[in-house]
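**Q** Below is the structure I would like to discuss, written out as structure tokens.
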Amino acid sequence: MELLNKAMAKKKERPVKVLQFGEGNFLRGFADYMIDIANEKGFFDGDIVLVKPMEGGSLDKLRQQECQYTVLLKGMEGGKVSVQNRTITSVTDAVAVYEEYERYSEYAKLETLRFIVSNTTEAGIVYDGSDRPERMPPHSFPGKLTKFLYERYRYFHGAADKGLIILPVELIDDNGIMLKECVTKLAVLWQLEDGFRAWLEEACIFCSTLVDRIISGYPKDEEKELWEQLGYEDHLMVAGEPFALWVIESAKDISGEFPLREAGLPVIFTDCLKPYKQRKVRILNGAHTSFAPASYLAGNDYVLQSMEDRLIYDFMHDTVYDEIIPTLSLPEKELRDFADAAVGRFRNPYVQHALLSIALNSVSKWRARCLPSFLGYVEKTGKLPGHLTFSLAALMAFYTGSEYSGKALIGKRGDGKYEIRDEEAVLRFFSENSRKDTEEFVRLFLSHKEFFGQDFTRMEGLTGQVTAYLAEIRKLGMRGAMEKFFPAEGQEKIWQR
């Protein structure tokens, strides 16, 4: 069987407009996928060059396939199974910054270049005061970017129309703002001229972004079968879910130059990313964090199993639609549509999302993902949100244990054991206190300011309600307690009395 290449993919050569730091699965299945669709529909007309920003590794597979590869999307859309296979033809070259520095740096002189996309991990956007401009290349990603931009500035004599639009997708808050701060600080540290710093400010646009798509990577277990279906060998296939969202925040409107939305793609351009970040964290991530410990102790191992368990599904649904959505600021229809899409993603039969993975570091996750909704609900209604309150008790039950195995605390589910993983101080608290009397355990947990940023025992009624929930979980088991407090639709819910 022939290896996928440019001739087979019928690649059309276009001007290079995008330099992408990072050749991994996520960007190839997300940003490059979107750009490829925009190219096909006639809105963008630009190729991508991939940059391998780290030492080690190899670009051999990319070069053997002339940078052509397939994105395979499987999931549920509109209640039906959706399967989409797309050959990506918009990547034209790949270059290793350490091994091919001169060839890489030549792209700074490219007239048509307009965008830089990056995914160098969360640790990539970090200021390194020891980095130096004479290195080829500088060690850090901000160092590499600063030097690249400076070389472009000098080559084009500071021309305002040769500035670049920078789109980092690293998973940190305000990623564009943080990257710009690093570049600006390095420009000062390296004593680069004032004109360059002015060019950075006036000619370049650093965007903060929010990205969302599950990319599971190379489908190794299905490769031969997929090759037969595709009609060619592809050692760069990328599998993922159909859902995608790219929110791009910038002070200047770039939607005209980056017309992905016009191509029908799920891209939002805004001058304030915060409500979209809030929507994702509270609805998608908040749902996960609020039901995962309870679902696991009720006997499930994966998200899909949880969605097929009516008791857990109803609990998740009511948490999201009745307690989280009412606390958010975006239009209700937008929020409900996003929640509907999230539930569809939870039901994706092609993604095995383990509950124990979601439950990792649940204490800090609950504070970041669930606490704002909890407090917003109390402020809005004057009442405790029943499901989110129960999720606190479920978290405590999940973290119950005193035995260690390596760096993990050991919990028990029926006759089996599971590992509880979190920061050492968190695990120490539960190992010392989780076997205590229920009321004392609850009081110690809720009064722990490191966990909640406040003494939660001061909230009226909360200690008593969490104690009641946890007592029933200990007495009846998780499923029994949930059946008592959150019965099937049509039965009275005790917590609402």
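Scheme for the structure tokens: letters A, B, ... for chains in order shown; per-chain residue numbers from 1; ligand numbers from 1 in order shown.
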Please provide the set of residues having any atom within 6 Å of stretch 314-329 of chain A, restricted to only C-alpha atoms, with same-chain residues fewer than 2 positions apart removed, written as an MDAnalysis selection string.

**A** chainID A and resid 310:312 373 376:377 387

**Q** I'd like the contact shell of stretch 11-15 of chain A - 7 Å cut-off, only C-alpha atoms, skipping same-chain residues fewer than 5 positions apart - returned as number ranges by chain.

**A** A: 6, 45-47, 89, 112

**Q** Quick one: of A:Gly464, A:Gly57, A:Gly453, A:Gly416, who's nearest to A:Phe441, counting only C-alpha atoms?

**A** A:Gly464

**Q** Need to verify the contact set: A:Thr270, 7 Å, only C-alpha atoms, exclusion of same-chain residues closer than 6 positions in sequence. Can you return it as a PyMOL selection string?

**A** chain A and resi 248-250

**Q** Set the distance at 6 Å and use only C-alpha atoms: which residues neighbour stretch 282-293 of chain A once local chain neighbours fewer than 2 positions away are removed? I'd like the list as a PyMOL selection string.

**A** chain A and resi 278-280+295-296+355+369-370+391+395+398

**Q** With distances taken over only C-alpha atoms, which residue among A:Leu273, A:Ala408, A:Leu476, A:Leu446 lies nearest A:Arg428?

**A**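 Comparing A:Leu273, A:Ala408, A:Leu476, A:Leu446 against A:Arg428, the winner is A:Ala408.
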
**Q** Determine the nearest neighbour of A:Tyr33 from the options A:Leu444, A:Asp161, A:Lys52, A:Val71, counting only C-alpha atoms.

**A** A:Val71

**Q** Of the candidates A:Arg479, A:Arg154, A:Lys61, A:His235, which one gets nearest to A:Ala394 if we count only C-alpha atoms?

**A**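 Distance minimum relative to A:Ala394 lands on A:Arg479.
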
**Q** Please, which residues of stretch 23-262 of chain A, numbered as in this document, come out helix (DSSP H, G or I) from DSSP, as number ranges by chain?

**A** A: 25-29, 31-40, 60-64, 101-109, 122-124, 141-155, 160-162, 175-189, 194-203, 220-230, 261-262

**Q** Just want the 7 Å neighbourhood of A:Leu19, counted on only C-alpha atoms, with same-chain residues fewer than 6 positions away dropped. Output as JSON, numbers by chain.

**A** {"A": [48, 49, 50, 115, 116, 117]}

**Q** Would you mind listing what lies within 8 Å of stretch 255-259 of chain A as a VMD selection string, with only C-alpha atoms counted and same-chain residues fewer than 2 positions away left out?

**A** chain A and resid 38 43 to 44 253 261 to 263 269

**Q** Please measure the separation of atom CA of A:Ser118 and atom CA of A:Gly56, giving the value in Å to one decimal.

**A**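 Between atom CA of A:Ser118 and atom CA of A:Gly56 the gap works out to 18.2 Å.
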
**Q** Near A:Ser434, counting only C-alpha atoms, which residues have an atom at most 7 Å away, once you skip same-chain residues fewer than 3 positions from it, shown as a VMD selection string?

**A** chain A and resid 400 to 401 430 to 431 441

**Q** For atom CA of A:Thr463 and atom CA of A:Asp422, quote the distance in Å rounded to one decimal.

**A**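 Computing the Euclidean distance for atom CA of A:Thr463 and atom CA of A:Asp422 yields 23.6 Å.
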
**Q** Mind giving me the straight-line distance from atom CA of A:Gln65 to atom CA of A:Leu3 in Å, one decimal?

**A**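 Separating atom CA of A:Gln65 from atom CA of A:Leu3 is a distance of 6.6 Å.
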
**Q** Of the candidates A:Ala368, A:Cys207, A:Met307, A:Leu59, which one gets nearest to A:Phe452 if we count only C-alpha atoms?

**A** A:Ala368

**Q** Would you please work out which residue, of A:Arg345, A:Arg114, A:Lys484, A:Arg443, is nearest to A:Met76 when using only C-alpha atoms?

**A**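 Of all the options, A:Arg345 lies closest to A:Met76.
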
**Q** According to DSSP computed on the backbone, where in stretch 314-443 of chain A is there strand (DSSP E)? Give the residues as a compact mmCIF listing (two decimals) with all heavy atoms, in the first residue's frame.

**A**
# COMPACT_ATOMS: atom_id res chain seq x y z
N GLU A 403 -4.47 4.46 54.42
CA GLU A 403 -3.35 3.64 53.96
C GLU A 403 -2.72 4.28 52.72
O GLU A 403 -3.42 4.80 51.84
CB GLU A 403 -3.87 2.24 53.63
CG GLU A 403 -2.89 1.31 52.96
CD GLU A 403 -3.56 0.05 52.42
OE1 GLU A 403 -4.72 -0.24 52.81
OE2 GLU A 403 -2.93 -0.64 51.60
N TYR A 404 -1.39 4.22 52.63
CA TYR A 404 -0.67 4.77 51.49
C TYR A 404 -0.07 3.65 50.64
O TYR A 404 0.29 2.59 51.15
CB TYR A 404 0.47 5.70 51.95
CG TYR A 404 0.05 7.09 52.30
CD1 TYR A 404 -0.33 7.42 53.59
CD2 TYR A 404 0.03 8.09 51.33
CE1 TYR A 404 -0.70 8.73 53.92
CE2 TYR A 404 -0.34 9.38 51.64
CZ TYR A 404 -0.71 9.69 52.93
OH TYR A 404 -1.08 10.97 53.25
N SER A 405 0.06 3.94 49.35
CA SER A 405 0.84 3.09 48.45
C SER A 405 1.68 4.04 47.60
O SER A 405 1.17 4.70 46.70
CB SER A 405 -0.07 2.26 47.55
OG SER A 405 0.69 1.53 46.60
N ALA A 408 0.35 7.71 46.74
CA ALA A 408 -1.11 7.73 46.63
C ALA A 408 -1.75 7.22 47.92
O ALA A 408 -1.25 6.29 48.57
CB ALA A 408 -1.56 6.87 45.46
N LEU A 409 -2.86 7.84 48.28
CA LEU A 409 -3.69 7.36 49.37
C LEU A 409 -4.61 6.29 48.81
O LEU A 409 -5.04 6.38 47.65
CB LEU A 409 -4.52 8.52 49.94
CG LEU A 409 -5.25 8.33 51.27
CD1 LEU A 409 -4.27 8.04 52.39
CD2 LEU A 409 -6.07 9.58 51.59
N ILE A 410 -4.91 5.27 49.57
CA ILE A 410 -5.72 4.16 49.08
C ILE A 410 -7.15 4.27 49.60
O ILE A 410 -7.40 4.35 50.80
CB ILE A 410 -5.12 2.81 49.50
CG1 ILE A 410 -3.70 2.68 48.94
CG2 ILE A 410 -5.99 1.65 49.01
CD1 ILE A 410 -3.61 2.77 47.43
N GLY A 411 -8.09 4.32 48.66
CA GLY A 411 -9.50 4.29 49.01
C GLY A 411 -10.09 2.93 48.70
O GLY A 411 -9.47 2.10 48.03
N LYS A 412 -11.31 2.69 49.20
CA LYS A 412 -11.94 1.39 48.99
C LYS A 412 -13.30 1.57 48.32
O LYS A 412 -14.09 2.43 48.71
CB LYS A 412 -12.09 0.66 50.33
CG LYS A 412 -10.76 0.23 50.95
CD LYS A 412 -10.96 -0.58 52.22
CE LYS A 412 -9.61 -1.01 52.81
NZ LYS A 412 -9.78 -1.81 54.05
N ARG A 413 -13.54 0.74 47.32
CA ARG A 413 -14.84 0.68 46.66
C ARG A 413 -15.27 -0.78 46.70
O ARG A 413 -14.73 -1.61 45.98
CB ARG A 413 -14.77 1.17 45.22
CG ARG A 413 -16.13 1.17 44.52
CD ARG A 413 -16.06 1.70 43.11
NE ARG A 413 -15.35 0.79 42.20
CZ ARG A 413 -15.30 0.94 40.87
NH1 ARG A 413 -15.91 2.00 40.31
NH2 ARG A 413 -14.65 0.09 40.11
N GLY A 416 -12.77 -3.75 46.42
CA GLY A 416 -11.60 -3.32 45.69
C GLY A 416 -10.98 -2.06 46.26
O GLY A 416 -11.55 -1.38 47.13
N LYS A 417 -9.81 -1.74 45.77
CA LYS A 417 -9.09 -0.55 46.20
C LYS A 417 -8.80 0.34 45.00
O LYS A 417 -8.74 -0.13 43.87
CB LYS A 417 -7.77 -0.94 46.88
CG LYS A 417 -7.95 -1.73 48.18
CD LYS A 417 -6.59 -2.05 48.80
CE LYS A 417 -6.76 -2.82 50.11
NZ LYS A 417 -5.44 -3.12 50.75
N TYR A 418 -8.61 1.63 45.25
CA TYR A 418 -8.24 2.57 44.19
C TYR A 418 -7.28 3.60 44.76
O TYR A 418 -7.19 3.80 45.98
CB TYR A 418 -9.48 3.26 43.60
CG TYR A 418 -10.30 4.07 44.60
CD1 TYR A 418 -10.06 5.43 44.79
CD2 TYR A 418 -11.32 3.47 45.33
CE1 TYR A 418 -10.80 6.17 45.69
CE2 TYR A 418 -12.07 4.20 46.25
CZ TYR A 418 -11.81 5.55 46.42
OH TYR A 418 -12.55 6.29 47.32
N GLU A 419 -6.54 4.24 43.87
CA GLU A 419 -5.55 5.23 44.28
C GLU A 419 -6.15 6.64 44.25
O GLU A 419 -6.77 7.04 43.26
CB GLU A 419 -4.31 5.17 43.38
CG GLU A 419 -3.51 3.91 43.54
CD GLU A 419 -2.20 3.94 42.76
OE1 GLU A 419 -2.06 4.81 41.87
OE2 GLU A 419 -1.32 3.11 43.05
N ILE A 420 -5.94 7.37 45.33
CA ILE A 420 -6.35 8.77 45.43
C ILE A 420 -5.08 9.61 45.27
O ILE A 420 -4.16 9.51 46.08
CB ILE A 420 -7.01 9.06 46.79
CG1 ILE A 420 -8.14 8.09 47.06
CG2 ILE A 420 -7.49 10.51 46.86
CD1 ILE A 420 -8.58 8.04 48.52
